[in-house]
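Here is query.txt, consisting of compact mmCIF, C-alpha atoms:
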# COMPACT_ATOMS: atom_id res chain seq x y z
CA MET Z 12 -62.04 17.60 -68.61
CA LYS Z 13 -60.51 17.80 -72.06
CA LYS Z 14 -61.74 21.38 -72.46
CA THR Z 15 -60.16 22.34 -69.13
CA PHE Z 16 -56.86 20.78 -70.18
CA VAL Z 17 -56.84 22.74 -73.46
CA ILE Z 18 -57.55 26.00 -71.60
CA CYS Z 19 -54.64 25.32 -69.22
CA ILE Z 20 -52.28 24.70 -72.13
CA VAL Z 21 -53.38 27.92 -73.85
CA LEU Z 22 -52.87 29.93 -70.65
CA LEU Z 23 -49.45 28.36 -70.10
CA LEU Z 24 -48.33 29.18 -73.64
CA SER Z 25 -49.67 32.72 -73.32
CA PHE Z 26 -47.68 33.22 -70.12
CA THR Z 27 -44.55 31.77 -71.73
CA PHE Z 28 -44.74 34.12 -74.72
CA PHE Z 29 -45.56 37.08 -72.47
CA TYR Z 30 -42.57 36.31 -70.23
CA LYS Z 31 -40.31 35.89 -73.25
CA ASP Z 32 -41.50 39.23 -74.60
CA LYS Z 33 -40.82 40.89 -71.26
CA MET Z 34 -37.29 39.52 -71.17
CA SER Z 35 -36.34 39.87 -74.85
CA PRO Z 36 -35.59 43.63 -74.91
CA LEU Z 37 -32.89 43.11 -72.28
CA GLN Z 38 -31.52 39.70 -73.18
CA ASN Z 39 -31.33 40.49 -76.89
CA LYS Z 40 -29.92 43.96 -76.38
CA THR Z 41 -27.03 44.98 -78.61
CA PHE Z 42 -24.35 47.55 -77.88
CA GLN Z 43 -22.13 49.66 -80.07
CA THR Z 44 -19.14 47.74 -78.73
CA ASP Z 45 -19.22 43.96 -78.38
CA ALA Z 46 -17.41 41.48 -76.14
CA LYS Z 47 -17.19 37.72 -75.91
CA ALA Z 48 -18.66 37.78 -72.40
CA MET Z 49 -20.13 40.38 -70.04
CA ILE Z 50 -22.20 40.70 -66.90
CA VAL Z 51 -23.74 43.46 -64.78
CA VAL Z 52 -24.32 42.66 -61.10
CA ASP Z 53 -25.81 44.45 -58.11
CA ALA Z 54 -22.91 44.21 -55.65
CA GLU Z 55 -25.10 44.19 -52.54
CA SER Z 56 -27.67 41.56 -53.52
CA GLY Z 57 -25.69 39.68 -56.14
CA LYS Z 58 -28.62 40.01 -58.56
CA VAL Z 59 -27.60 39.70 -62.21
CA LEU Z 60 -29.00 42.67 -64.11
CA TYR Z 61 -27.64 41.64 -67.50
CA GLU Z 62 -25.40 38.92 -68.86
CA LYS Z 63 -24.05 37.55 -72.08
CA ASN Z 64 -22.12 34.29 -72.28
CA SER Z 65 -21.33 34.81 -68.61
CA LYS Z 66 -20.66 31.15 -67.73
CA GLU Z 67 -18.00 30.39 -70.34
CA GLN Z 68 -14.49 29.98 -68.94
CA LEU Z 69 -12.17 32.40 -70.74
CA PRO Z 70 -8.68 33.87 -70.16
CA ILE Z 71 -8.94 36.76 -67.68
CA ALA Z 72 -5.52 38.48 -67.89
CA SER Z 73 -4.86 40.92 -65.02
CA MET Z 74 -8.38 40.64 -63.64
CA SER Z 75 -6.63 37.70 -61.92
CA LYS Z 76 -5.12 40.27 -59.58
CA ILE Z 77 -8.52 40.71 -57.91
CA MET Z 78 -7.94 37.32 -56.29
CA THR Z 79 -4.34 38.26 -55.51
CA GLN Z 80 -5.57 41.44 -53.82
CA TYR Z 81 -8.13 39.47 -51.85
CA LEU Z 82 -5.61 36.98 -50.51
CA VAL Z 83 -3.05 39.66 -49.63
CA MET Z 84 -5.69 41.62 -47.72
CA ASN Z 85 -6.75 38.43 -45.96
CA ALA Z 86 -3.14 37.93 -44.85
CA ILE Z 87 -2.96 41.51 -43.57
CA GLU Z 88 -6.28 41.12 -41.74
CA ASP Z 89 -5.03 37.89 -40.14
CA GLY Z 90 -1.80 39.56 -38.99
CA ALA Z 91 0.43 37.35 -41.14
CA LEU Z 92 1.50 40.43 -43.10
CA SER Z 93 1.50 44.19 -42.57
CA TRP Z 94 1.57 47.15 -44.93
CA GLU Z 95 4.95 48.17 -43.52
CA ASP Z 96 6.65 44.78 -44.07
CA THR Z 97 9.51 44.98 -46.55
CA TYR Z 98 10.53 42.78 -49.44
CA GLN Z 99 13.80 42.17 -51.25
CA PRO Z 100 13.31 40.90 -54.81
CA SER Z 101 13.86 37.21 -55.41
CA GLU Z 102 15.75 36.03 -58.46
CA ALA Z 103 12.44 35.08 -60.10
CA VAL Z 104 11.05 38.59 -59.62
CA GLN Z 105 14.25 40.22 -60.88
CA GLN Z 106 14.10 38.07 -64.02
CA MET Z 107 10.69 39.55 -64.84
CA ALA Z 108 12.49 42.73 -65.88
CA ASN Z 109 13.41 40.79 -69.04
CA LEU Z 110 9.76 40.23 -69.99
CA SER Z 111 8.75 42.67 -72.70
CA SER Z 112 5.43 44.49 -73.01
CA ILE Z 113 4.23 43.96 -69.47
CA ALA Z 114 3.58 46.43 -66.66
CA LYS Z 115 6.25 46.12 -63.99
CA LEU Z 116 8.23 47.96 -61.33
CA ASN Z 117 11.52 46.59 -62.70
CA MET Z 118 12.65 45.59 -59.24
CA THR Z 119 16.35 45.05 -58.73
CA GLY Z 120 18.41 43.21 -56.16
CA GLY Z 121 19.61 45.16 -53.15
CA ASN Z 122 16.52 47.38 -53.04
CA THR Z 123 13.62 46.94 -50.62
CA TYR Z 124 9.93 47.55 -51.19
CA THR Z 125 7.09 47.77 -48.70
CA VAL Z 126 3.96 45.66 -48.99
CA LYS Z 127 1.97 48.86 -49.44
CA GLU Z 128 4.13 49.99 -52.37
CA LEU Z 129 3.89 46.57 -54.01
CA PHE Z 130 0.13 46.39 -53.48
CA THR Z 131 -0.35 49.90 -54.85
CA ALA Z 132 1.72 49.13 -57.94
CA ALA Z 133 -0.12 45.87 -58.61
CA THR Z 134 -3.49 47.62 -58.19
CA VAL Z 135 -2.93 50.98 -59.87
CA ASN Z 136 -0.45 50.17 -62.63
CA SER Z 137 -1.06 46.40 -62.75
CA SER Z 138 2.65 45.77 -62.11
CA ASN Z 139 3.22 42.06 -62.60
CA ASP Z 140 6.49 41.74 -60.70
CA ALA Z 141 4.78 43.44 -57.74
CA ALA Z 142 2.01 40.83 -57.86
CA VAL Z 143 4.54 37.99 -57.82
CA ALA Z 144 6.40 39.67 -54.94
CA LEU Z 145 3.15 39.82 -52.95
CA ALA Z 146 2.52 36.16 -53.70
CA GLU Z 147 5.96 35.28 -52.34
CA LEU Z 148 5.35 37.38 -49.22
CA VAL Z 149 2.08 35.56 -48.50
CA SER Z 150 3.05 31.99 -49.36
CA GLY Z 151 6.83 31.81 -49.82
CA THR Z 152 6.64 31.07 -53.53
CA GLU Z 153 4.28 31.97 -56.35
CA GLU Z 154 3.55 28.28 -56.86
CA LYS Z 155 2.29 27.90 -53.28
CA PHE Z 156 0.28 31.09 -53.63
CA VAL Z 157 -1.40 29.70 -56.77
CA THR Z 158 -2.43 26.67 -54.71
CA LEU Z 159 -4.01 29.10 -52.25
CA MET Z 160 -5.79 30.89 -55.11
CA ASN Z 161 -7.28 27.64 -56.37
CA GLU Z 162 -8.30 26.62 -52.85
CA GLN Z 163 -10.24 29.88 -52.68
CA THR Z 164 -12.09 29.01 -55.87
CA LYS Z 165 -13.48 25.97 -54.04
CA ILE Z 166 -14.39 27.99 -50.96
CA LEU Z 167 -16.21 30.54 -53.13
CA LYS Z 168 -17.78 27.69 -55.13
CA LEU Z 169 -16.41 28.93 -58.43
CA LYS Z 170 -16.95 26.18 -60.98
CA ASN Z 171 -15.34 27.87 -63.98
CA THR Z 172 -12.09 29.32 -62.65
CA THR Z 173 -8.50 28.06 -62.73
CA PHE Z 174 -5.33 29.92 -61.72
CA TYR Z 175 -1.77 29.19 -62.83
CA ASN Z 176 -0.05 32.38 -61.66
CA ALA Z 177 -0.63 35.47 -59.50
CA THR Z 178 -0.55 37.92 -62.41
CA GLY Z 179 -2.80 36.76 -65.23
CA LEU Z 180 -0.02 36.71 -67.82
CA ASP Z 181 -0.53 34.16 -70.59
CA GLY Z 182 1.18 30.87 -69.88
CA ASP Z 183 3.39 30.97 -72.96
CA HIS Z 184 4.55 34.48 -71.98
CA VAL Z 185 5.98 33.23 -68.69
CA GLY Z 186 7.58 30.06 -69.97
CA ILE Z 187 4.81 27.48 -69.53
CA ASN Z 188 2.18 26.11 -71.89
CA ALA Z 189 -0.34 28.48 -73.41
CA HIS Z 190 -3.21 26.43 -72.00
CA GLU Z 191 -1.80 27.08 -68.51
CA THR Z 192 -3.33 30.55 -68.55
CA ASN Z 193 -5.59 31.92 -65.82
CA SER Z 194 -9.22 31.62 -66.84
CA ALA Z 195 -12.66 32.19 -65.38
CA SER Z 196 -16.21 32.99 -66.36
CA ALA Z 197 -17.55 36.52 -66.14
CA ARG Z 198 -19.87 35.32 -63.35
CA ASP Z 199 -16.93 33.96 -61.36
CA VAL Z 200 -14.91 37.17 -61.76
CA ALA Z 201 -17.94 39.12 -60.51
CA THR Z 202 -18.18 36.78 -57.52
CA ILE Z 203 -14.51 37.34 -56.61
CA ALA Z 204 -14.98 41.09 -57.00
CA ARG Z 205 -18.07 41.06 -54.75
CA LYS Z 206 -16.19 39.13 -52.09
CA LEU Z 207 -13.23 41.52 -52.20
CA LEU Z 208 -15.41 44.65 -51.97
CA LYS Z 209 -17.55 43.27 -49.17
CA LYS Z 210 -14.77 41.88 -46.98
CA HIS Z 211 -12.13 44.54 -47.69
CA PRO Z 212 -13.77 47.90 -48.50
CA GLU Z 213 -10.39 49.51 -47.79
CA ILE Z 214 -9.46 48.34 -51.29
CA PHE Z 215 -10.99 51.62 -52.52
CA GLU Z 216 -8.08 53.51 -50.95
CA PHE Z 217 -6.02 51.96 -53.76
CA THR Z 218 -8.45 51.51 -56.66
CA GLN Z 219 -9.42 55.19 -56.63
CA LEU Z 220 -5.84 56.36 -57.15
CA THR Z 221 -5.25 57.77 -60.62
CA SER Z 222 -1.48 57.64 -60.11
CA PHE Z 223 1.19 57.16 -57.48
CA GLU Z 224 4.88 57.75 -57.00
CA THR Z 225 7.16 54.84 -56.13
CA ASN Z 226 9.82 55.10 -53.45
CA SER Z 227 12.39 55.40 -56.24
CA GLY Z 228 10.59 58.46 -57.62
CA ALA Z 229 8.91 56.87 -60.64
CA HIS Z 230 5.43 58.21 -61.43
CA LEU Z 231 2.98 55.50 -62.50
CA TRP Z 232 -0.52 56.11 -63.85
CA SER Z 233 -3.61 53.99 -63.32
CA SER Z 234 -4.72 51.74 -66.16
CA ASN Z 235 -8.36 52.49 -65.22
CA LEU Z 236 -9.14 55.44 -67.47
CA MET Z 237 -12.72 55.73 -66.14
CA LEU Z 238 -11.60 57.22 -62.83
CA PRO Z 239 -12.29 60.93 -62.17
CA GLY Z 240 -9.86 63.15 -64.08
CA MET Z 241 -8.81 60.40 -66.49
CA SER Z 242 -9.44 60.45 -70.25
CA GLN Z 243 -12.50 58.15 -70.13
CA SER Z 244 -13.81 59.35 -66.75
CA PHE Z 245 -17.36 58.38 -65.82
CA ASP Z 246 -19.14 59.66 -62.72
CA GLY Z 247 -19.48 56.98 -60.06
CA ILE Z 248 -16.62 54.68 -61.08
CA ASP Z 249 -14.13 54.02 -58.25
CA GLY Z 250 -12.45 50.74 -59.30
CA LEU Z 251 -11.56 47.95 -60.09
CA LYS Z 252 -9.15 46.14 -62.49
CA THR Z 253 -8.19 46.23 -66.15
CA GLY Z 254 -6.59 43.40 -68.08
CA TYR Z 255 -5.08 42.64 -71.46
CA THR Z 256 -3.09 39.75 -72.93
CA HIS Z 257 -2.88 38.17 -76.36
CA LEU Z 258 -5.13 35.29 -75.34
CA ALA Z 259 -7.59 37.24 -73.19
CA GLY Z 260 -7.95 40.33 -75.31
CA ALA Z 261 -9.07 43.50 -73.54
CA CYS Z 262 -10.91 42.97 -70.25
CA PHE Z 263 -12.23 45.21 -67.50
CA ALA Z 264 -13.83 44.61 -64.13
CA SER Z 265 -15.42 47.86 -62.98
CA THR Z 266 -17.32 48.97 -59.93
CA GLY Z 267 -19.06 52.18 -59.01
CA VAL Z 268 -22.08 53.64 -57.25
CA PHE Z 269 -25.05 54.72 -59.37
CA ASN Z 270 -28.38 55.89 -57.93
CA ASP Z 271 -27.16 54.81 -54.48
CA ARG Z 272 -26.49 51.28 -55.71
CA ARG Z 273 -23.05 49.70 -56.07
CA ILE Z 274 -22.68 47.95 -59.41
CA ILE Z 275 -20.06 45.52 -60.73
CA THR Z 276 -19.55 45.07 -64.47
CA ILE Z 277 -17.28 42.55 -66.16
CA VAL Z 278 -16.40 42.69 -69.87
CA MET Z 279 -14.12 40.08 -71.43
CA ASP Z 280 -12.35 39.92 -74.79
CA VAL Z 281 -13.79 43.25 -75.91
CA GLU Z 282 -13.82 43.90 -79.64
CA ALA Z 283 -11.07 46.31 -80.63
CA ASP Z 284 -11.69 49.45 -82.68
CA GLY Z 285 -9.03 49.00 -85.35
CA ASP Z 286 -5.74 49.09 -83.46
CA ASP Z 287 -7.36 50.53 -80.33
CA PHE Z 288 -8.02 47.80 -77.78
CA VAL Z 289 -7.89 50.17 -74.78
CA THR Z 290 -10.83 52.56 -75.27
CA PRO Z 291 -13.54 50.03 -76.30
CA ARG Z 292 -13.56 48.23 -72.93
CA PHE Z 293 -14.34 51.53 -71.23
CA SER Z 294 -16.89 52.53 -73.87
CA LEU Z 295 -18.70 49.21 -73.43
CA THR Z 296 -18.66 49.54 -69.65
CA LYS Z 297 -20.22 53.00 -69.98
CA GLU Z 298 -22.87 51.63 -72.34
CA LEU Z 299 -23.74 48.82 -69.94
CA ILE Z 300 -24.16 51.18 -67.00
CA GLU Z 301 -26.17 53.74 -68.97
CA GLU Z 302 -28.47 51.20 -70.60
CA ILE Z 303 -28.88 48.64 -67.81
CA VAL Z 304 -28.44 50.60 -64.59
CA LEU Z 305 -29.27 54.27 -65.12

As structure tokens, how would this structure be written, given the file I've shared?
Amino acid sequence: MKKTFVICIVLLLSFTFFYKDKMSPLQNKTFQTDAKAMIVVDAESGKVLYEKNSKEQLPIASMSKIMTQYLVMNAIEDGALSWEDTYQPSEAVQQMANLSSIAKLNMTGGNTYTVKELFTAATVNSSNDAAVALAELVSGTEEKFVTLMNEQTKILKLKNTTFYNATGLDGDHVGINAHETNSASARDVATIARKLLKKHPEIFEFTQLTSFETNSGAHLWSSNLMLPGMSQSFDGIDGLKTGYTHLAGACFASTGVFNDRRIITIVMDVEADGDDFVTPRFSLTKELIEEIVL
């Protein structure tokens, strides 16, 4: 009996070390560019192909707009809103023109904007005033829309996500406390992205745009430089959302089809290359796809 017990223990330990060895090349993998958190997910099955620190709740900057997009498209699907509906800027939205160093449409009183224009601006150029305008169209005020965002976190069973605004701007940048900044784990961001892509595949009509012209004639370029024809283009990429704030650092939620499989990658607080915080998030995304997926 004792001999049998010893044999079982030896076999168990052998299996444990073998399994650890099988996993170690992937789990311990290093990349030329680093980030505080990252994850690679099969969009169809939800299977995690690679992750690092993916459950820690961190500031997510404009990746927040993935939830904003989702809720706006829900409202359109439900008939509460249409692409042709128009919007006149509230005082709160007009005041956002005074915020420095943020992407915005610089909306002014007396002008009208369609839901489609606002949605395109928020998606392509990450316009923050457009995101707030959409929140007001859906819920009346941004505050009520934020309540809706947080209700969705419960529906989607997101345990490490909290929203304070529709944009992802740091709390102290919009006049509230710094700790009142949108945050989520990389896993949770991937879950929101999966839900958006599955329920509203028409989102690709917007995320694939490299630029667009506003009704006032302004030409705005996409912040996703991995799209075809852009400076960091990578075959297969067709979305999704960049982000950057002081607290979040550089972030990027990407999606694309590789070997007939749709993949979602999330990178958060990507290490800058000197003063360049833009390129590394795309370089890391490329590395993840090449090393983990292709």

Give me the range 239-300 of chain Z side of the contact with range 180-189 of chain Z, cut-off 8 Å, one line per residue showing its nearest atom pair and distance in Å at one decimal, counting only C-alpha atoms, sorted by chain and residue number, as CSV.
residue,atom,partner,partner_atom,distance
Z:Thr256,CA,Z:Asp181,CA,6.6
Z:His257,CA,Z:Asp181,CA,7.4
Z:Leu258,CA,Z:Asp181,CA,6.7

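For range 230-237 of chain Z, the set of protein, DNA and RNA residues having any atom at most 8 Å away, when counting all atoms listed in the file and skipping those fewer than 6 positions along the same chain, is Ala132, Val135, Asn136, Ser137, Leu220, Thr221, Ser222, Phe223, Glu224, Gln243, Ser244, Phe245, Ile248, Gly250, Leu251, Lys252, Thr253 and Phe293 of chain Z.
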
| query | For Thr192 in chain Z, which residue among Z:Ala204, Z:Thr79, Z:Ile113, Z:Asn176 is the nearest when counting only C-alpha atoms? | reply |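 Closest residue, counting only C-alpha atoms: Z:Asn176.
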
Using all atoms listed in the file, which residues sit within 6 Å of range 63-74 of chain Z once same-chain residues fewer than 6 positions away are excluded, as a PDB file with C-alpha atoms, in the frame of the given file?
ATOM      1  CA  ALA Z  48     -18.660  37.780 -72.400  1.00  0.00           C
ATOM      2  CA  MET Z  49     -20.130  40.380 -70.040  1.00  0.00           C
ATOM      3  CA  ASN Z 171     -15.340  27.870 -63.980  1.00  0.00           C
ATOM      4  CA  THR Z 178      -0.550  37.920 -62.410  1.00  0.00           C
ATOM      5  CA  GLY Z 179      -2.800  36.760 -65.230  1.00  0.00           C
ATOM      6  CA  LEU Z 180      -0.020  36.710 -67.820  1.00  0.00           C
ATOM      7  CA  ASN Z 193      -5.590  31.920 -65.820  1.00  0.00           C
ATOM      8  CA  SER Z 194      -9.220  31.620 -66.840  1.00  0.00           C
ATOM      9  CA  ALA Z 195     -12.660  32.190 -65.380  1.00  0.00           C
ATOM     10  CA  SER Z 196     -16.210  32.990 -66.360  1.00  0.00           C
ATOM     11  CA  ALA Z 197     -17.550  36.520 -66.140  1.00  0.00           C
ATOM     12  CA  ARG Z 198     -19.870  35.320 -63.350  1.00  0.00           C
ATOM     13  CA  LYS Z 252      -9.150  46.140 -62.490  1.00  0.00           C
ATOM     14  CA  GLY Z 254      -6.590  43.400 -68.080  1.00  0.00           C
ATOM     15  CA  TYR Z 255      -5.080  42.640 -71.460  1.00  0.00           C
ATOM     16  CA  THR Z 256      -3.090  39.750 -72.930  1.00  0.00           C
ATOM     17  CA  ALA Z 259      -7.590  37.240 -73.190  1.00  0.00           C
TER      18      ALA Z 259
END

| request: Excluding Thr125 in chain Z and residues on its chain fewer than 3 positions from it, collect all residues at most 12 Å away from it, counting only C-alpha atoms, and give them as number ranges by chain. | output: Z: 92-100, 122, 128-132, 141, 144-145, 148, 225-227

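Nearest to Gln163 in chain Z of all the residues Z:Lys127, Z:Lys206, Z:Lys47, Z:His190 is Z:Lys206, based on only C-alpha atoms.
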
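Going from CA of Ser101 in chain Z to CA of Tyr175 in chain Z covers 19.1 Å.
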
| 8 Å contact set for Ile274 in chain Z, only C-alpha atoms, chain neighbours under 6 positions out, as a ChimeraX atom specification | /Z:51-54,266-268

| task | Mind checking which residues fall within 6 Å of range 115-121 of chain Z, counting only C-alpha atoms, ignoring those fewer than 4 positions away in the same chain, and posting them as a VMD selection string? | result | chain Z and resid 100 105 108 138 to 140

| Nearest to Thr218 in chain Z: which of Z:Ile77, Z:Met160, Z:Met279, Z:Ala201 is it, counting only C-alpha atoms? | Z:Ile77

Could you work out an axis-aligned box for range 111-121 of chain Z, taking every atom the file lists and adding 5 Å on each side, and report centre and edge lengths in Å to one decimal, as lines of an AutoDock Vina configuration file?
center_x = 11.6
center_y = 45.3
center_z = -63.1
size_x = 26.0
size_y = 15.3
size_z = 29.9

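Between CA of Leu167 in chain Z and CA of Tyr81 in chain Z the separation is 12.1 Å.
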
| note | From CA of Val143 in chain Z to CA of Phe174 in chain Z the spacing works out at 13.3 Å

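Of the residues under consideration (Z:Asp89, Z:Ala264, Z:Thr123, Z:Asp249), Z:Asp249 shows the shortest atom-to-atom contact distance to Ile214 in chain Z when counting all atoms listed in the file.
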
| message | When you count only C-alpha atoms, which of these residues is closest to His211 in chain Z: Z:Val83, Z:Leu60, Z:Ala229, Z:Ala46? | response | Z:Val83
